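Data block below; observations after.
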Amino acid sequence: MRLNIESKLSDIFKEYPELEDKFRPFLNYFYEEKLNDILFRKLSLIGALKLLNVSEEDREKLIQEFYKTVNKS
């Protein structure tokens, strides 16, 4: 499966579970409110970062980390 920043979080974390730990601090609101099971099936990576109002700098770092991990395999 070819993944990109428009892919659903559930697909990304299923394929690359190590990314969930790296992204967890930024997605913490979803975990705290117990919304992760529902929203991770609906939201893309970029959609979640925009929804949570992650700073542009942090967003770029996460996207770079995503592509670094995905392109490694």
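Order determines the names: the first chain of the structure tokens is A, the second B, and so forth; residues in each chain are numbered 1 upward, and ligands are numbered 1 upward as they are shown.
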Set out as a Markdown table a contact list for stretch 30-56 of chain A and stretch 4-21 of chain A with a cut-off of 7 Å, giving each residue of stretch 30-56 of chain A that qualifies its closest atom pair and distance in Å to one decimal, counting only C-alpha atoms, ordered by chain and rising residue number.
| residue | atom | partner | partner_atom | distance |
| --- | --- | --- | --- | --- |
| A:Phe40 | CA | A:Leu9 | CA | 4.9 |
| A:Arg41 | CA | A:Ser10 | CA | 5.2 |
| A:Lys42 | CA | A:Lys8 | CA | 6.3 |
| A:Leu43 | CA | A:Lys8 | CA | 5.4 |
| A:Ser44 | CA | A:Lys8 | CA | 4.1 |
| A:Leu45 | CA | A:Ile5 | CA | 5.3 |
| A:Ile46 | CA | A:Ile5 | CA | 5.6 |
Filtering to all heavy atoms, could you give me those residues as a CSV table (one decimal), in the first residue's frame?
chain,number,residue,atom,x,y,z
A,40,PHE,N,-9.1,8.0,14.1
A,40,PHE,CA,-7.9,7.6,13.3
A,40,PHE,C,-8.4,6.8,12.1
A,40,PHE,O,-7.6,6.7,11.1
A,40,PHE,CB,-7.0,6.7,14.2
A,40,PHE,CG,-6.2,7.5,15.2
A,40,PHE,CD1,-6.3,8.8,15.3
A,40,PHE,CD2,-5.2,6.8,15.9
A,40,PHE,CE1,-5.6,9.5,16.3
A,40,PHE,CE2,-4.5,7.5,16.9
A,40,PHE,CZ,-4.6,8.9,17.0
A,41,ARG,N,-9.6,6.3,12.1
A,41,ARG,CA,-10.1,5.7,10.9
A,41,ARG,C,-10.7,6.7,9.9
A,41,ARG,O,-10.9,6.4,8.7
A,41,ARG,CB,-11.2,4.7,11.2
A,41,ARG,CG,-10.7,3.4,11.8
A,41,ARG,CD,-11.8,2.4,12.1
A,41,ARG,NE,-12.2,2.7,13.5
A,41,ARG,CZ,-13.5,2.6,13.9
A,41,ARG,NH1,-14.4,2.1,13.1
A,41,ARG,NH2,-13.8,2.9,15.1
A,42,LYS,N,-10.9,7.9,10.3
A,42,LYS,CA,-11.5,9.0,9.5
A,42,LYS,C,-10.6,10.0,9.1
A,42,LYS,O,-10.7,10.6,8.0
A,42,LYS,CB,-12.7,9.7,10.3
A,42,LYS,CG,-13.7,8.7,10.8
A,42,LYS,CD,-14.7,8.3,9.7
A,42,LYS,CE,-15.8,7.5,10.2
A,42,LYS,NZ,-16.5,6.8,9.2
A,43,LEU,N,-9.6,10.4,9.9
A,43,LEU,CA,-8.7,11.5,9.6
A,43,LEU,C,-7.4,11.1,9.0
A,43,LEU,O,-6.8,10.0,9.3
A,43,LEU,CB,-8.3,12.2,11.0
A,43,LEU,CG,-9.4,13.1,11.6
A,43,LEU,CD1,-8.9,13.5,13.0
A,43,LEU,CD2,-9.7,14.2,10.7
A,44,SER,N,-7.0,11.9,8.0
A,44,SER,CA,-5.6,11.7,7.4
A,44,SER,C,-4.6,12.4,8.4
A,44,SER,O,-5.0,13.1,9.3
A,44,SER,CB,-5.6,12.4,6.1
A,44,SER,OG,-5.7,13.8,6.3
A,45,LEU,N,-3.4,12.1,8.1
A,45,LEU,CA,-2.3,12.7,9.0
A,45,LEU,C,-2.4,14.2,8.9
A,45,LEU,O,-2.4,14.9,9.9
A,45,LEU,CB,-0.9,12.2,8.5
A,45,LEU,CG,0.3,12.9,9.1
A,45,LEU,CD1,0.3,12.7,10.6
A,45,LEU,CD2,1.6,12.3,8.5
A,46,ILE,N,-2.4,14.7,7.7
A,46,ILE,CA,-2.4,16.2,7.5
A,46,ILE,C,-3.7,16.8,8.1
A,46,ILE,O,-3.7,17.8,8.7
A,46,ILE,CB,-2.2,16.6,6.0
A,46,ILE,CG1,-1.9,18.1,5.9
A,46,ILE,CG2,-3.4,16.3,5.2
A,46,ILE,CD1,-0.6,18.5,6.5
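Between A:Phe23 and the candidates A:Lys68, A:Leu39, A:Glu57, A:Leu62, the tightest atom-to-atom separation, counting only C-alpha atoms, involves A:Leu62.
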Between atom CA of A:Asp58 and atom CA of A:Phe26, what is the distance in Å, rounded to a tenth?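 Computing it gives 8.8 Å between the two atoms.
Of the listed residues A:Phe66, A:Glu32, A:Leu27, A:Asp37, the one whose atoms come nearest to A:Asn53 is A:Leu27, with distances taken using only C-alpha atoms.
The space separating atom CA of A:Arg2 from atom CA of A:Lys34 comes to 28.0 Å.
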Mind checking DSSP for stretch 8-63 of chain A and telling me the helix (DSSP H, G or I) residues as an NGL selection string? :A and (9-15 or 17-32 or 36-42 or 45-51 or 56-63)
Output N, CA and C atoms for every residue in the selection just made, as a compact mmCIF listing (two decimals), in the first residue's frame.
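Ended up saving to selection_15.txt:
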# COMPACT_ATOMS: atom_id res chain seq x y z
N LEU A 9 -4.92 7.84 9.39
CA LEU A 9 -3.98 7.52 10.47
C LEU A 9 -3.99 6.04 10.81
N SER A 10 -5.16 5.42 10.80
CA SER A 10 -5.22 3.99 11.12
C SER A 10 -4.40 3.17 10.14
N ASP A 11 -4.43 3.51 8.85
CA ASP A 11 -3.63 2.80 7.86
C ASP A 11 -2.13 3.04 8.07
N ILE A 12 -1.79 4.28 8.37
CA ILE A 12 -0.38 4.62 8.62
C ILE A 12 0.15 3.85 9.82
N PHE A 13 -0.60 3.85 10.92
CA PHE A 13 -0.12 3.21 12.15
C PHE A 13 -0.14 1.68 12.04
N LYS A 14 -1.01 1.15 11.19
CA LYS A 14 -1.02 -0.30 10.99
C LYS A 14 0.24 -0.72 10.22
N GLU A 15 0.60 0.05 9.23
CA GLU A 15 1.76 -0.25 8.40
C GLU A 15 3.09 0.11 9.08
N PRO A 17 3.86 1.01 12.82
CA PRO A 17 3.50 1.24 14.23
C PRO A 17 4.48 2.14 14.98
N GLU A 18 5.72 2.19 14.54
CA GLU A 18 6.70 3.05 15.21
C GLU A 18 6.35 4.53 15.09
N LEU A 19 5.60 4.90 14.07
CA LEU A 19 5.20 6.30 13.91
C LEU A 19 4.18 6.73 14.96
N GLU A 20 3.39 5.80 15.45
CA GLU A 20 2.38 6.17 16.45
C GLU A 20 3.05 6.72 17.70
N ASP A 21 4.14 6.10 18.13
CA ASP A 21 4.86 6.60 19.30
C ASP A 21 5.47 7.98 19.04
N LYS A 22 5.97 8.19 17.84
CA LYS A 22 6.60 9.47 17.51
C LYS A 22 5.55 10.59 17.40
N PHE A 23 4.36 10.25 16.92
CA PHE A 23 3.31 11.25 16.72
C PHE A 23 2.41 11.43 17.93
N ARG A 24 2.50 10.50 18.87
CA ARG A 24 1.59 10.51 20.03
C ARG A 24 1.54 11.84 20.78
N PRO A 25 2.68 12.50 21.06
CA PRO A 25 2.60 13.77 21.79
C PRO A 25 1.74 14.82 21.07
N PHE A 26 1.74 14.79 19.75
CA PHE A 26 0.96 15.76 18.99
C PHE A 26 -0.50 15.36 18.86
N LEU A 27 -0.77 14.07 18.99
CA LEU A 27 -2.13 13.56 18.86
C LEU A 27 -2.73 13.24 20.23
N ASN A 28 -2.08 13.68 21.28
CA ASN A 28 -2.46 13.33 22.64
C ASN A 28 -3.91 13.65 22.97
N TYR A 29 -4.43 14.73 22.44
CA TYR A 29 -5.83 15.10 22.70
C TYR A 29 -6.78 13.96 22.33
N PHE A 30 -6.53 13.33 21.18
CA PHE A 30 -7.38 12.22 20.75
C PHE A 30 -7.32 11.05 21.72
N TYR A 31 -6.12 10.78 22.24
CA TYR A 31 -5.97 9.68 23.19
C TYR A 31 -6.65 10.02 24.52
N GLU A 32 -6.44 11.23 25.01
CA GLU A 32 -7.02 11.64 26.29
C GLU A 32 -8.55 11.60 26.26
N ASN A 36 -9.38 8.33 19.65
CA ASN A 36 -8.43 7.80 18.68
C ASN A 36 -8.99 6.64 17.86
N ASP A 37 -9.76 5.73 18.47
CA ASP A 37 -10.29 4.59 17.70
C ASP A 37 -11.20 5.05 16.57
N ILE A 38 -11.99 6.04 16.82
CA ILE A 38 -12.94 6.53 15.82
C ILE A 38 -12.24 7.45 14.81
N LEU A 39 -11.57 8.45 15.32
CA LEU A 39 -11.01 9.47 14.44
C LEU A 39 -9.84 8.99 13.60
N PHE A 40 -9.06 8.05 14.09
CA PHE A 40 -7.91 7.58 13.32
C PHE A 40 -8.36 6.84 12.06
N ARG A 41 -9.60 6.32 12.06
CA ARG A 41 -10.13 5.68 10.85
C ARG A 41 -10.67 6.72 9.87
N LYS A 42 -10.93 7.92 10.34
CA LYS A 42 -11.54 8.97 9.52
C LYS A 42 -10.56 10.05 9.07
N LEU A 45 -3.37 12.08 8.14
CA LEU A 45 -2.31 12.68 8.95
C LEU A 45 -2.37 14.20 8.87
N ILE A 46 -2.43 14.73 7.67
CA ILE A 46 -2.44 16.19 7.52
C ILE A 46 -3.73 16.78 8.10
N GLY A 47 -4.84 16.07 7.95
CA GLY A 47 -6.11 16.55 8.51
C GLY A 47 -6.07 16.63 10.03
N ALA A 48 -5.48 15.64 10.66
CA ALA A 48 -5.37 15.64 12.12
C ALA A 48 -4.48 16.77 12.61
N LEU A 49 -3.38 16.99 11.92
CA LEU A 49 -2.46 18.06 12.33
C LEU A 49 -3.12 19.43 12.18
N LYS A 50 -3.90 19.61 11.13
CA LYS A 50 -4.61 20.87 10.95
C LYS A 50 -5.71 21.03 11.99
N LEU A 51 -6.45 19.97 12.25
CA LEU A 51 -7.53 20.01 13.24
C LEU A 51 -7.01 20.38 14.62
N GLU A 56 3.17 25.21 12.26
CA GLU A 56 3.73 24.91 10.94
C GLU A 56 5.10 24.22 11.06
N GLU A 57 5.90 24.69 12.00
CA GLU A 57 7.22 24.10 12.21
C GLU A 57 7.12 22.63 12.64
N ASP A 58 6.26 22.35 13.63
CA ASP A 58 6.08 20.97 14.08
C ASP A 58 5.44 20.11 13.00
N ARG A 59 4.51 20.68 12.26
CA ARG A 59 3.85 19.95 11.18
C ARG A 59 4.88 19.50 10.15
N GLU A 60 5.78 20.40 9.78
CA GLU A 60 6.81 20.07 8.80
C GLU A 60 7.73 18.96 9.34
N LYS A 61 8.09 19.04 10.61
CA LYS A 61 8.94 18.00 11.22
C LYS A 61 8.25 16.64 11.17
N LEU A 62 6.97 16.60 11.50
CA LEU A 62 6.23 15.34 11.50
C LEU A 62 6.09 14.79 10.08
N ILE A 63 5.84 15.65 9.13
CA ILE A 63 5.71 15.20 7.74
C ILE A 63 7.04 14.66 7.24
